[in-house]
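As stored in entry-v6.cif (mmCIF, C-alpha atoms):
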data_data
#
loop_
_atom_site.label_atom_id
_atom_site.label_comp_id
_atom_site.auth_asym_id
_atom_site.auth_seq_id
_atom_site.Cartn_x
_atom_site.Cartn_y
_atom_site.Cartn_z
CA MET P 1 131.15 1.34 -237.67
CA ILE P 2 129.91 1.13 -241.26
CA LYS P 3 129.97 4.41 -243.13
CA TYR P 4 128.95 5.20 -246.69
CA ARG P 5 130.06 8.48 -248.24
CA VAL P 6 129.78 10.17 -251.62
CA LEU P 7 131.66 13.19 -252.85
CA THR P 8 130.24 16.34 -251.29
CA PHE P 9 130.29 18.35 -254.46
CA LEU P 10 128.04 15.80 -256.16
CA MET P 11 125.45 16.26 -253.44
CA LEU P 12 125.73 20.02 -253.56
CA PHE P 13 125.37 20.14 -257.33
CA GLY P 14 121.75 19.03 -257.27
CA LEU P 15 120.69 21.38 -254.49
CA SER P 16 119.75 25.01 -254.41
CA LEU P 17 122.53 27.38 -253.52
CA ASN P 18 120.21 28.74 -250.84
CA ALA P 19 119.84 25.35 -249.14
CA GLN P 20 120.46 25.36 -245.41
CA ASP P 21 123.07 22.88 -244.19
CA ILE P 22 121.67 20.89 -241.29
CA SER P 23 123.25 18.16 -239.20
CA LEU P 24 121.28 15.47 -237.42
CA ASN P 25 121.87 17.03 -233.99
CA GLU P 26 120.71 20.40 -235.31
CA ALA P 27 117.57 18.78 -236.71
CA ILE P 28 116.90 17.12 -233.35
CA SER P 29 117.36 20.42 -231.49
CA ILE P 30 114.97 22.24 -233.82
CA GLY P 31 112.41 19.44 -233.61
CA MET P 32 112.57 19.33 -229.81
CA GLU P 33 111.81 23.05 -229.74
CA LYS P 34 109.31 23.47 -232.59
CA ASN P 35 107.61 20.13 -233.30
CA PHE P 36 103.90 20.57 -232.65
CA SER P 37 103.31 17.17 -231.02
CA ILE P 38 106.24 17.66 -228.65
CA ARG P 39 105.07 21.15 -227.68
CA THR P 40 101.56 19.86 -226.97
CA ALA P 41 102.89 16.95 -224.91
CA LYS P 42 105.09 19.27 -222.84
CA ASN P 43 102.13 21.54 -222.11
CA THR P 44 100.13 18.51 -220.96
CA GLU P 45 102.97 17.61 -218.61
CA LYS P 46 102.96 21.16 -217.22
CA GLU P 47 99.28 20.67 -216.46
CA ALA P 48 100.07 17.54 -214.43
CA VAL P 49 102.83 19.38 -212.55
CA ILE P 50 100.42 22.16 -211.60
CA ASN P 51 97.80 19.66 -210.44
CA SER P 52 100.30 17.74 -208.30
CA ASN P 53 100.54 20.50 -205.68
CA TYR P 54 99.62 19.37 -202.16
CA ALA P 55 97.07 22.20 -201.98
CA TYR P 56 94.85 20.25 -204.40
CA ALA P 57 94.87 17.12 -202.24
CA GLY P 58 92.74 18.62 -199.43
CA PHE P 59 95.48 19.71 -197.04
CA LEU P 60 94.49 23.39 -196.97
CA PRO P 61 91.30 24.85 -195.49
CA VAL P 62 88.38 26.15 -197.51
CA ILE P 63 87.34 29.76 -196.92
CA ASP P 64 83.98 31.12 -198.09
CA VAL P 65 82.82 34.73 -197.90
CA THR P 66 79.19 35.67 -198.48
CA GLY P 67 77.42 39.01 -198.29
CA ALA P 68 73.97 40.42 -199.00
CA ARG P 69 72.13 43.75 -198.93
CA ASN P 70 68.33 43.58 -199.08
CA PHE P 71 65.65 46.30 -199.13
CA ASP P 72 61.90 45.86 -198.47
CA VAL P 73 58.92 48.20 -198.86
CA GLU P 74 55.70 46.87 -197.23
CA ASN P 75 52.26 47.94 -196.06
CA VAL P 76 52.16 46.92 -192.39
CA GLU P 77 49.11 46.26 -190.21
CA GLN P 78 50.06 45.08 -186.72
CA GLN P 79 47.92 44.24 -183.65
CA PHE P 80 49.63 43.82 -180.29
CA ARG P 81 48.59 41.85 -177.20
CA THR P 82 47.97 45.10 -175.40
CA GLY P 83 45.23 45.93 -177.86
CA ASP P 84 47.28 48.61 -179.62
CA THR P 85 47.44 48.61 -183.40
CA ASN P 86 49.95 49.96 -185.85
CA GLU P 87 49.28 50.61 -189.48
CA LEU P 88 51.90 51.95 -191.82
CA ASP P 89 51.87 52.10 -195.60
CA GLY P 90 55.18 51.94 -197.45
CA ALA P 91 57.19 50.87 -194.41
CA ARG P 92 60.81 50.49 -195.37
CA SER P 93 63.35 48.05 -193.99
CA ASN P 94 66.87 47.01 -195.03
CA ASN P 95 69.18 44.24 -194.04
CA PHE P 96 72.93 44.02 -194.57
CA ASN P 97 75.03 40.99 -193.67
CA VAL P 98 78.48 39.69 -194.47
CA ARG P 99 80.02 36.42 -193.30
CA GLY P 100 83.24 34.50 -193.62
CA ASP P 101 83.51 30.75 -192.93
CA LEU P 102 86.60 28.56 -192.73
CA THR P 103 86.39 24.76 -192.90
CA TRP P 104 89.54 22.73 -192.36
CA THR P 105 89.53 18.95 -192.55
CA LEU P 106 91.74 17.66 -189.76
CA PHE P 107 91.23 13.96 -190.37
CA ASP P 108 89.63 12.08 -193.25
CA GLY P 109 91.00 8.59 -192.78
CA THR P 110 94.34 9.55 -194.47
CA LYS P 111 92.52 10.10 -197.78
CA MET P 112 94.26 13.44 -198.34
CA PHE P 113 97.68 11.78 -198.04
CA LEU P 114 96.70 9.08 -200.53
CA ASP P 115 95.32 11.73 -202.91
CA TYR P 116 98.56 13.71 -202.72
CA LYS P 117 100.63 10.59 -203.43
CA SER P 118 98.33 9.76 -206.33
CA LEU P 119 98.84 13.25 -207.80
CA GLN P 120 102.61 12.77 -207.58
CA ILE P 121 102.36 9.47 -209.43
CA GLU P 122 100.09 11.04 -212.05
CA ARG P 123 102.77 13.69 -212.58
CA ASN P 124 105.36 10.94 -213.12
CA GLN P 125 102.98 9.15 -215.45
CA SER P 126 102.50 12.33 -217.46
CA ARG P 127 106.28 12.75 -217.63
CA PHE P 128 106.67 9.24 -219.05
CA GLU P 129 103.83 9.84 -221.51
CA THR P 130 105.52 13.06 -222.63
CA GLN P 131 108.83 11.25 -223.03
CA ALA P 132 107.04 8.57 -225.07
CA VAL P 133 105.70 11.25 -227.42
CA VAL P 134 109.11 12.93 -227.58
CA GLU P 135 110.89 9.63 -228.23
CA ASN P 136 108.40 8.58 -230.91
CA THR P 137 108.62 11.98 -232.60
CA LEU P 138 112.39 12.00 -232.25
CA GLY P 139 112.51 8.61 -233.95
CA ASN P 140 110.39 9.97 -236.80
CA ILE P 141 112.69 13.00 -237.15
CA ILE P 142 115.79 10.79 -237.29
CA GLN P 143 114.14 8.43 -239.77
CA SER P 144 113.06 11.39 -241.90
CA TYR P 145 116.53 12.96 -241.72
CA PHE P 146 118.22 9.80 -242.96
CA ALA P 147 115.51 9.39 -245.61
CA LEU P 148 116.68 12.76 -246.95
CA VAL P 149 120.32 11.63 -246.73
CA PHE P 150 119.37 8.47 -248.62
CA GLU P 151 117.58 10.41 -251.38
CA GLN P 152 120.56 12.79 -251.67
CA TYR P 153 122.85 9.79 -252.12
CA GLN P 154 120.50 8.34 -254.71
CA TYR P 155 120.54 11.66 -256.51
CA SER P 156 124.34 11.57 -256.57
CA VAL P 157 124.31 8.04 -258.00
CA LEU P 158 121.98 9.09 -260.81
CA GLU P 159 124.01 12.25 -261.35
CA SER P 160 127.09 10.08 -261.83
CA ALA P 161 125.13 8.04 -264.36
CA VAL P 162 124.35 11.23 -266.31
CA GLU P 163 128.04 12.18 -266.31
CA LEU P 164 128.97 8.73 -267.59
CA SER P 165 126.32 8.95 -270.32
CA GLU P 166 127.59 12.40 -271.32
CA GLN P 167 131.09 10.96 -271.52
CA ARG P 168 129.77 8.13 -273.68
CA LEU P 169 127.97 10.63 -275.95
CA GLU P 170 131.18 12.61 -276.42
CA ILE P 171 133.00 9.42 -277.41
CA ALA P 172 130.18 8.44 -279.78
CA GLU P 173 130.17 11.89 -281.41
CA ALA P 174 133.95 11.87 -281.88
CA ASN P 175 133.93 8.35 -283.38
CA TYR P 176 130.91 9.17 -285.57
CA GLU P 177 132.70 12.18 -287.04
CA VAL P 178 135.69 10.03 -288.08
CA GLY P 179 133.41 7.27 -289.37
CA LYS P 180 134.18 4.66 -286.72
CA PHE P 181 130.60 4.66 -285.24
CA SER P 182 127.27 4.57 -287.03
CA LYS P 183 124.57 7.16 -286.52
CA THR P 184 122.53 4.50 -284.73
CA GLU P 185 125.30 4.30 -282.13
CA LEU P 186 125.20 8.08 -281.71
CA LEU P 187 121.41 8.19 -281.38
CA SER P 188 121.46 5.34 -278.87
CA ALA P 189 123.90 7.30 -276.72
CA LYS P 190 121.59 10.35 -276.85
CA VAL P 191 118.54 8.27 -275.89
CA ASP P 192 120.33 6.72 -272.92
CA LEU P 193 121.55 10.15 -271.78
CA ASN P 194 118.00 11.53 -271.92
CA THR P 195 116.77 8.52 -269.96
CA ASP P 196 119.35 9.16 -267.26
CA LYS P 197 118.45 12.85 -267.14
CA SER P 198 114.78 11.91 -266.79
CA ASN P 199 115.62 9.60 -263.88
CA LEU P 200 117.59 12.43 -262.28
CA LEU P 201 114.62 14.80 -262.56
CA ASN P 202 112.34 12.22 -260.97
CA GLN P 203 114.85 11.76 -258.15
CA GLU P 204 114.92 15.52 -257.58
CA GLU P 205 111.16 15.35 -257.02
CA ILE P 206 111.53 12.47 -254.55
CA LYS P 207 114.31 14.35 -252.76
CA GLN P 208 112.10 17.43 -252.47
CA GLN P 209 109.32 15.33 -250.95
CA ALA P 210 111.80 14.05 -248.35
CA ARG P 211 112.77 17.67 -247.53
CA VAL P 212 109.12 18.64 -247.08
CA ALA P 213 108.52 15.65 -244.77
CA LEU P 214 111.51 16.59 -242.61
CA ASN P 215 110.50 20.26 -242.46
CA LEU P 216 107.00 19.29 -241.30
CA LEU P 217 108.41 17.19 -238.47
CA LEU P 218 110.73 20.05 -237.47
CA GLY P 219 107.82 22.49 -237.38
CA GLU P 220 109.52 24.59 -240.07
CA ASP P 221 108.34 26.08 -243.36
CA PRO P 222 107.67 23.04 -245.63
CA ASN P 223 109.29 24.83 -248.58
CA GLN P 224 112.58 25.54 -246.81
CA GLU P 225 115.53 24.06 -248.69
CA LEU P 226 117.62 21.71 -246.56
CA LEU P 227 120.89 19.89 -247.16
CA ALA P 228 121.44 16.99 -244.77
CA THR P 229 125.17 16.94 -244.06
CA ASP P 230 125.53 13.81 -241.90
CA SER P 231 126.43 10.43 -243.36
CA MET P 232 124.65 7.20 -242.51
CA GLU P 233 126.67 5.33 -239.91
CA ILE P 234 125.46 2.04 -238.49
CA ASP P 235 126.20 1.01 -234.91
CA GLU P 236 127.10 -2.69 -235.12
CA SER P 237 127.39 -3.17 -231.35
CA LEU P 238 123.69 -3.58 -230.48
CA GLN P 239 122.87 -6.86 -228.70
CA LEU P 240 119.35 -8.30 -228.45
CA ASN P 241 119.61 -9.58 -224.86
CA MET P 242 120.76 -6.17 -223.59
CA LEU P 243 117.97 -4.40 -225.48
CA ILE P 244 115.36 -6.73 -223.97
CA ASP P 245 116.77 -6.07 -220.48
CA ASP P 246 116.49 -2.32 -221.09
CA LEU P 247 112.88 -2.69 -222.24
CA THR P 248 111.25 -3.00 -218.80
CA VAL P 249 113.19 -0.12 -217.25
CA ARG P 250 113.40 2.34 -220.15
CA ASN P 251 110.43 1.95 -222.49
CA LYS P 252 108.26 4.96 -221.70
CA GLN P 253 104.92 3.38 -222.69
CA LEU P 254 105.61 0.48 -220.34
CA LEU P 255 106.69 2.79 -217.52
CA ALA P 256 103.53 4.89 -217.93
CA LEU P 257 101.36 1.77 -217.61
CA MET P 258 103.26 0.75 -214.47
CA GLN P 259 102.50 4.16 -212.98
CA GLN P 260 98.82 3.61 -213.77
CA GLU P 261 98.91 0.44 -211.67
CA ASN P 262 100.22 2.44 -208.69
CA ILE P 263 97.46 5.02 -209.15
CA LEU P 264 94.77 2.32 -209.16
CA GLN P 265 96.23 0.75 -206.01
CA LEU P 266 96.01 4.12 -204.24
CA GLN P 267 92.44 4.62 -205.45
CA ASN P 268 91.57 1.27 -203.94
CA LYS P 269 93.07 2.31 -200.59
CA SER P 270 91.28 5.66 -200.81
CA VAL P 271 87.91 3.88 -200.97
CA MET P 272 88.71 2.06 -197.73
CA THR P 273 89.47 5.33 -195.89
CA GLU P 274 85.77 6.16 -196.13
CA LEU P 275 85.15 3.55 -193.42
CA LEU P 276 86.62 6.03 -190.93
CA PRO P 277 85.01 9.28 -189.68
CA GLN P 278 85.89 12.75 -190.90
CA LEU P 279 86.76 15.52 -188.47
CA ASP P 280 86.51 19.18 -189.53
CA PHE P 281 87.39 22.41 -187.77
CA ASN P 282 84.94 25.27 -188.42
CA LEU P 283 85.50 28.97 -187.90
CA GLY P 284 83.10 31.74 -188.84
CA TYR P 285 82.82 35.51 -188.53
CA GLY P 286 79.65 37.42 -189.29
CA TYR P 287 78.24 40.96 -189.28
CA THR P 288 74.53 41.76 -189.58
CA ASN P 289 72.72 45.13 -189.57
CA PHE P 290 68.91 45.27 -189.76
CA ASN P 291 66.83 48.48 -189.89
CA SER P 292 63.01 48.66 -190.04
CA GLN P 293 60.34 51.35 -189.84
CA ALA P 294 57.83 48.86 -188.44
CA GLY P 295 57.94 46.22 -185.72
CA PHE P 296 59.38 45.92 -182.26
CA LEU P 297 62.95 46.52 -183.37
CA LEU P 298 63.93 49.61 -185.27
CA GLN P 299 67.52 48.41 -185.56
CA ASN P 300 69.37 45.18 -184.85
CA GLN P 301 73.16 44.88 -185.30
CA SER P 302 75.29 41.87 -184.45
CA VAL P 303 78.97 41.03 -184.87
CA GLY P 304 80.46 37.74 -183.79
CA VAL P 305 82.73 34.77 -184.18
CA ASN P 306 81.72 31.14 -184.03
CA TYR P 307 83.97 28.10 -184.05
CA GLY P 308 83.90 24.42 -183.30
CA LEU P 309 84.50 20.88 -184.50
CA SER P 310 82.23 18.70 -186.57
CA LEU P 311 82.39 14.93 -186.90
CA SER P 312 80.76 13.05 -189.75
CA TRP P 313 80.71 9.30 -190.22
CA ARG P 314 78.86 7.56 -192.98
CA ILE P 315 77.97 4.18 -191.51
CA PHE P 316 76.16 2.75 -194.50
CA ASP P 317 76.19 3.85 -198.13
CA ARG P 318 74.15 1.15 -199.86
CA LEU P 319 77.22 -1.05 -200.50
CA ASP P 320 78.69 1.59 -202.84
CA ARG P 321 82.15 1.26 -201.26
CA ALA P 322 82.18 -2.48 -201.92
CA ARG P 323 81.16 -1.89 -205.53
CA ARG P 324 83.91 0.69 -206.10
CA ASN P 325 86.46 -1.56 -204.39
CA GLN P 326 85.57 -4.44 -206.70
CA THR P 327 85.61 -2.36 -209.89
CA THR P 328 88.99 -0.82 -208.93
CA GLN P 329 90.41 -4.29 -208.35
CA ILE P 330 89.21 -5.35 -211.81
CA ALA P 331 90.88 -2.24 -213.27
CA ILE P 332 94.12 -3.24 -211.48
CA ASP P 333 93.93 -6.74 -212.96
CA ASN P 334 93.23 -5.37 -216.45
CA ASN P 335 96.15 -2.97 -216.15
CA ALA P 336 98.45 -5.87 -215.19
CA ILE P 337 97.23 -7.75 -218.26
CA ALA P 338 97.87 -4.67 -220.42
CA ILE P 339 101.43 -4.41 -219.04
CA SER P 340 102.13 -8.08 -219.85
CA GLU P 341 100.60 -7.72 -223.30
CA LEU P 342 102.58 -4.60 -224.13
CA GLU P 343 105.82 -6.10 -222.82
CA ASN P 344 105.25 -9.24 -224.89
CA GLN P 345 104.44 -7.17 -228.00
CA LEU P 346 107.50 -4.95 -227.56
CA THR P 347 109.75 -7.99 -227.07
CA GLY P 348 108.40 -9.41 -230.32
CA ASP P 349 108.95 -6.10 -232.10
CA LEU P 350 112.50 -6.00 -230.75
CA SER P 351 113.24 -9.51 -231.96
CA SER P 352 111.86 -8.78 -235.44
CA ALA P 353 113.77 -5.51 -235.71
CA TYR P 354 116.97 -7.19 -234.53
CA VAL P 355 116.71 -9.93 -237.17
CA ARG P 356 116.23 -7.23 -239.81
CA TYR P 357 119.14 -5.26 -238.36
CA ARG P 358 121.59 -8.21 -238.47
CA ASN P 359 120.37 -9.24 -241.92
CA LYS P 360 120.98 -5.77 -243.35
CA LEU P 361 124.46 -5.64 -241.82
CA ASP P 362 125.34 -8.87 -243.64
CA LEU P 363 123.69 -7.57 -246.80
CA ILE P 364 125.79 -4.41 -246.67
CA GLU P 365 129.02 -6.41 -246.80
CA LEU P 366 127.72 -8.42 -249.74
CA GLU P 367 126.58 -5.34 -251.64
CA LYS P 368 129.90 -3.58 -251.02
CA ASP P 369 131.69 -6.45 -252.78
CA ASN P 370 129.15 -6.37 -255.62
CA LEU P 371 129.60 -2.63 -256.03
CA GLU P 372 133.37 -2.89 -256.31
CA VAL P 373 133.03 -5.50 -259.06
CA ALA P 374 130.31 -3.52 -260.88
CA LYS P 375 132.34 -0.30 -260.79
CA GLU P 376 135.43 -2.04 -262.08
CA ASN P 377 133.42 -3.59 -264.92
CA ALA P 378 131.93 -0.20 -265.81
CA THR P 379 135.40 1.41 -265.90
CA ILE P 380 136.74 -1.33 -268.14
CA ALA P 381 133.67 -1.14 -270.38
CA ILE P 382 134.00 2.62 -270.96
CA GLU P 383 137.66 2.22 -271.92
CA ARG P 384 136.82 -0.62 -274.29
CA TYR P 385 134.06 1.49 -275.77
CA ARG P 386 136.46 4.42 -276.18
CA VAL P 387 138.82 2.35 -278.36
CA GLY P 388 136.00 0.64 -280.27
CA ARG P 389 136.36 -2.81 -278.69
CA SER P 390 132.90 -2.73 -277.08
CA ASN P 391 129.44 -1.80 -278.30
CA ALA P 392 126.78 0.46 -276.78
CA ILE P 393 124.63 -2.41 -275.51
CA GLU P 394 127.48 -3.92 -273.52
CA LEU P 395 128.50 -0.54 -272.09
CA ARG P 396 124.94 0.30 -271.11
CA GLU P 397 124.54 -3.05 -269.40
CA PHE P 398 127.65 -2.54 -267.27
CA GLN P 399 126.58 1.04 -266.54
CA LEU P 400 123.14 -0.05 -265.32
CA ASN P 401 124.71 -2.83 -263.26
CA ALA P 402 126.92 -0.30 -261.50
CA ILE P 403 123.97 2.03 -260.81
CA GLU P 404 121.85 -0.83 -259.53
CA ALA P 405 124.67 -2.15 -257.32
CA GLU P 406 125.21 1.26 -255.75
CA SER P 407 121.48 1.75 -255.22
CA ARG P 408 121.19 -1.67 -253.57
CA LEU P 409 124.06 -0.83 -251.23
CA LEU P 410 122.49 2.50 -250.33
CA ASN P 411 119.17 0.79 -249.72
CA ALA P 412 120.77 -1.85 -247.48
CA ILE P 413 122.52 0.86 -245.42
CA PHE P 414 119.30 2.87 -245.12
CA LEU P 415 117.27 -0.17 -244.03
CA ALA P 416 119.97 -1.10 -241.50
CA LYS P 417 119.83 2.45 -240.11
CA GLN P 418 116.05 2.25 -239.85
CA ALA P 419 116.32 -1.05 -237.98
CA GLU P 420 118.92 0.46 -235.61
CA ILE P 421 116.66 3.42 -234.83
CA ASN P 422 113.69 1.11 -234.24
CA LEU P 423 115.74 -1.01 -231.83
CA LEU P 424 116.79 2.05 -229.84
CA ALA P 425 113.25 3.46 -229.81
CA ILE P 426 111.54 0.23 -228.73
CA SER P 427 114.08 -0.49 -225.99
CA GLY P 428 113.74 3.09 -224.71
CA ASN P 429 117.35 4.03 -225.45
CA LEU P 430 116.75 6.69 -228.08
CA LEU P 431 116.55 9.54 -225.55
CA ASN P 432 119.58 8.15 -223.69
CA LYS P 433 121.87 8.59 -226.70
CA ASP P 434 124.01 11.71 -226.46
CA THR P 435 124.16 11.81 -230.23
CA VAL P 436 122.70 9.62 -232.94
CA ASN P 437 125.20 9.09 -235.73
#
Would you mind writing the file out in C-alpha cells?
Amino acid sequence: MIKYRVLTFLMLFGLSLNAQDISLNEAISIGMEKNFSIRTAKNTEKEAVINSNYAYAGFLPVIDVTGARNFDVENVEQQFRTGDTNELDGARSNNFNVRGDLTWTLFDGTKMFLDYKSLQIERNQSRFETQAVVENTLGNIIQSYFALVFEQYQYSVLESAVELSEQRLEIAEANYEVGKFSKTELLSAKVDLNTDKSNLLNQEEIKQQARVALNLLLGEDPNQELLATDSMEIDESLQLNMLIDDLTVRNKQLLALMQQENILQLQNKSVMTELLPQLDFNLGYGYTNFNSQAGFLLQNQSVGVNYGLSLSWRIFDRLDRARRNQTTQIAIDNNAIAISELENQLTGDLSSAYVRYRNKLDLIELEKDNLEVAKENATIAIERYRVGRSNAIELREFQLNAIEAESRLLNAIFLAKQAEINLLAISGNLLNKDTVN
C-alpha cells in the first residue's frame, strides 16, 4: 500500500474549530442514507417490488359489485285486450337492484405464469438499476471525499511554505538590523511571504468548494464544516484481467440490460399464448325489487345466484400477433446489440483507467524521490541563507521547487486514487468492498 500523510496539526490549523471530523466510511454511511438520488432510486425499487406480487399477474379473480335505485313518475294510459282501460296521472314506480359478479380466469394459455415471471425479472432489473445508481453515487462520494483530502493536503503544503517564508523574514530582519542584509533583501522577503499568504487564502477557497461539493453529495447542509480524516491509500493489487472477468457478472448496468433481454423473451412467449383459448369461471349474485302503481305487476322481487363457465378463442386478429412477435424479436436483437456495445465500451474504459492507474503508481515513486531531494535542498538553502552564504533568489528557488515537488506528489497520489475508484466502479466491485481505504 502507498500512503501519504501530513502532520495532523497542520491540517487542523486551517480549519474551523467547529469542523466535524468525518471518515470515509462515515461519509459513505451518511450518503447511503441521505443522498437524494439514492433515496429516489430505492423508492423506485420499492415500486417494482410491490408490482411483482402474483396478484397483479392475473392469478386472482375479479369481483365487481353494482347497485342502483331508480324512481319514475309517469302519466299512464293503458288499454288491455279485454277492452278495459286504465288511466293514471303521476303514477309512481321505483326499482332497486344490487349485484355481485366474480370472474376467475382458469386458463389463458399460461399467460398469467409468464406475466408473473416477467414481473419477478422486472423486480430484479429494478434492483440492478438501483445498485447502479447507488454505485455511481457512491463513486462520486468517494471521489469527492478524497478531493477534500487532497485540498487539505495542498493547504498544508502552502501553510508550510508560509512558515518557511516567515522564518526567512525573521532571518532577513535580524541580519538587516546588524547591517548584513540590505533593505531590498528584507522587502523581497516580505513580498514573498505575502505571495505565499495569498496562495494560502486562495487554497482555503478551493478547500471550501470541495467541502460544499461533498456536503451536497451527502445530502447535508452545504455550509457544514467538514474535516476529512482519512489518508489517501492506493491499492496496488488490482489486475486488469481479473477486473475484466468481473465486468460481465458484477457491472450493474450490464446486468440490468441482461434482465431486459429475459423480459423481452417472455413477452415474445406471451404473444404466442394468445393462440390458445381462454377459460373463465363466472359467479354472480343479484337482488332486484320493483314496485309500480301502474301495470300488471305492482311488485316484483327476485334474488338469485348464477354461475357457469365461458370459453373465448380469438381465431383471427388481423395478423396483429405476427406483427407483435416480429417487433419483439427485433427488440431482443437490439437489446443483444446494446449488451455487446456496453460490454465493449466498459472493457475499453477499464483498459484506459488501468493504464492511467499503473502510470500514476510509477509516477508516485518518481515524485517521492524528487520530493526528498527538493526538501533536502530547501533545508540546506535556509541554513546557507541564515549564515549569509546564500541569497534570497536562490532560497526562493529551492523553496518553490520543494512546494512544487510536494504538490506534484499529492497530485499523482490523487489521480492514482481516482483511477483506482474508476476501476472498481466500472468492474462492479465498488459495492463489494467492505471498506474503501
If the PyMOL selection byres ((chain P and resi 275) around 9) is run on the structure shown, which residues does it catch, given as an mmCIF file with C-alpha atoms, in the frame of the given file?
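Just written: result-v3.cif:
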data_model
loop_
_atom_site.group_PDB
_atom_site.id
_atom_site.type_symbol
_atom_site.label_atom_id
_atom_site.label_comp_id
_atom_site.auth_asym_id
_atom_site.auth_seq_id
_atom_site.Cartn_x
_atom_site.Cartn_y
_atom_site.Cartn_z
ATOM 1 C CA GLY P 109 91.000 8.590 -192.780
ATOM 2 C CA VAL P 271 87.910 3.880 -200.970
ATOM 3 C CA MET P 272 88.710 2.060 -197.730
ATOM 4 C CA THR P 273 89.470 5.330 -195.890
ATOM 5 C CA GLU P 274 85.770 6.160 -196.130
ATOM 6 C CA LEU P 276 86.620 6.030 -190.930
ATOM 7 C CA PRO P 277 85.010 9.280 -189.680
ATOM 8 C CA TRP P 313 80.710 9.300 -190.220
ATOM 9 C CA ARG P 314 78.860 7.560 -192.980
ATOM 10 C CA ILE P 315 77.970 4.180 -191.510
ATOM 11 C CA ARG P 321 82.150 1.260 -201.260
#
**Complete:** What separates CA of Ser126 in chain P and CA of Phe59 in chain P is a distance of 22.8 Å
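The shell of residues at most 10 Å from Val98 in chain P, with all atoms listed in the file counted and near chain neighbours (fewer than 2 positions) removed, consists of Val65, Thr66, Gly67, Ala68, Arg69, Phe96, Gly100, Tyr285, Gly286, Tyr287, Thr288, Asn289 and Val303 of chain P.
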**Request:** Take CA of Lys183 in chain P and CA of Ala381 in chain P and report the distance between them in Å, one decimal.
**Result:**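 Taking CA of Lys183 in chain P and CA of Ala381 in chain P, their separation equals 20.3 Å.
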**Request:** Using the chain letters and numbers from the file, give me the residues hit by the PyMOL selection byres ((chain P and resi 195) around 12), as number ranges by chain.
**Result:** P: 158-159, 161-162, 165-166, 188-194, 196-202, 396, 400
**Asked** Quick one, how far is CA of Ala336 in chain P from CA of Met258 in chain P?
**Response**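 Taking CA of Ala336 in chain P and CA of Met258 in chain P, their separation equals 8.2 Å.
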**Request:** Using all atoms listed in the file, find the one residue out of P:Thr105, P:Asn175, P:Ser182, P:Ser237 that sits nearest to Leu60 in chain P.
**Result:** P:Thr105
**Request:** Just give me the residues with any atom within 12 Å of (58.7, 50.0, -195.4), file coordinates, counting all atoms listed in the file, written as a PyMOL selection string.
**Result:** chain P and resi 71-77+87-94+291-295+298
Only C-alpha atoms, please: the residues just picked out, written as a PDB file, in the frame of the given file.
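To be explicit, this is the file written out as out34.pdb:
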ATOM      1  CA  PHE P  71      65.650  46.300-199.130  1.00  0.00           C
ATOM      2  CA  ASP P  72      61.900  45.860-198.470  1.00  0.00           C
ATOM      3  CA  VAL P  73      58.920  48.200-198.860  1.00  0.00           C
ATOM      4  CA  GLU P  74      55.700  46.870-197.230  1.00  0.00           C
ATOM      5  CA  ASN P  75      52.260  47.940-196.060  1.00  0.00           C
ATOM      6  CA  VAL P  76      52.160  46.920-192.390  1.00  0.00           C
ATOM      7  CA  GLU P  77      49.110  46.260-190.210  1.00  0.00           C
ATOM      8  CA  GLU P  87      49.280  50.610-189.480  1.00  0.00           C
ATOM      9  CA  LEU P  88      51.900  51.950-191.820  1.00  0.00           C
ATOM     10  CA  ASP P  89      51.870  52.100-195.600  1.00  0.00           C
ATOM     11  CA  GLY P  90      55.180  51.940-197.450  1.00  0.00           C
ATOM     12  CA  ALA P  91      57.190  50.870-194.410  1.00  0.00           C
ATOM     13  CA  ARG P  92      60.810  50.490-195.370  1.00  0.00           C
ATOM     14  CA  SER P  93      63.350  48.050-193.990  1.00  0.00           C
ATOM     15  CA  ASN P  94      66.870  47.010-195.030  1.00  0.00           C
ATOM     16  CA  ASN P 291      66.830  48.480-189.890  1.00  0.00           C
ATOM     17  CA  SER P 292      63.010  48.660-190.040  1.00  0.00           C
ATOM     18  CA  GLN P 293      60.340  51.350-189.840  1.00  0.00           C
ATOM     19  CA  ALA P 294      57.830  48.860-188.440  1.00  0.00           C
ATOM     20  CA  GLY P 295      57.940  46.220-185.720  1.00  0.00           C
ATOM     21  CA  LEU P 298      63.930  49.610-185.270  1.00  0.00           C
TER      22      LEU P 298
END
**Message:** So, with only C-alpha atoms as the atoms that count, which of P:Ile28, P:Val62, P:Val133, P:Leu366 lies closest to Glu45 in chain P?
**Reply:**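 Ranking P:Ile28, P:Val62, P:Val133, P:Leu366 by distance to Glu45 in chain P, first place goes to P:Val133.
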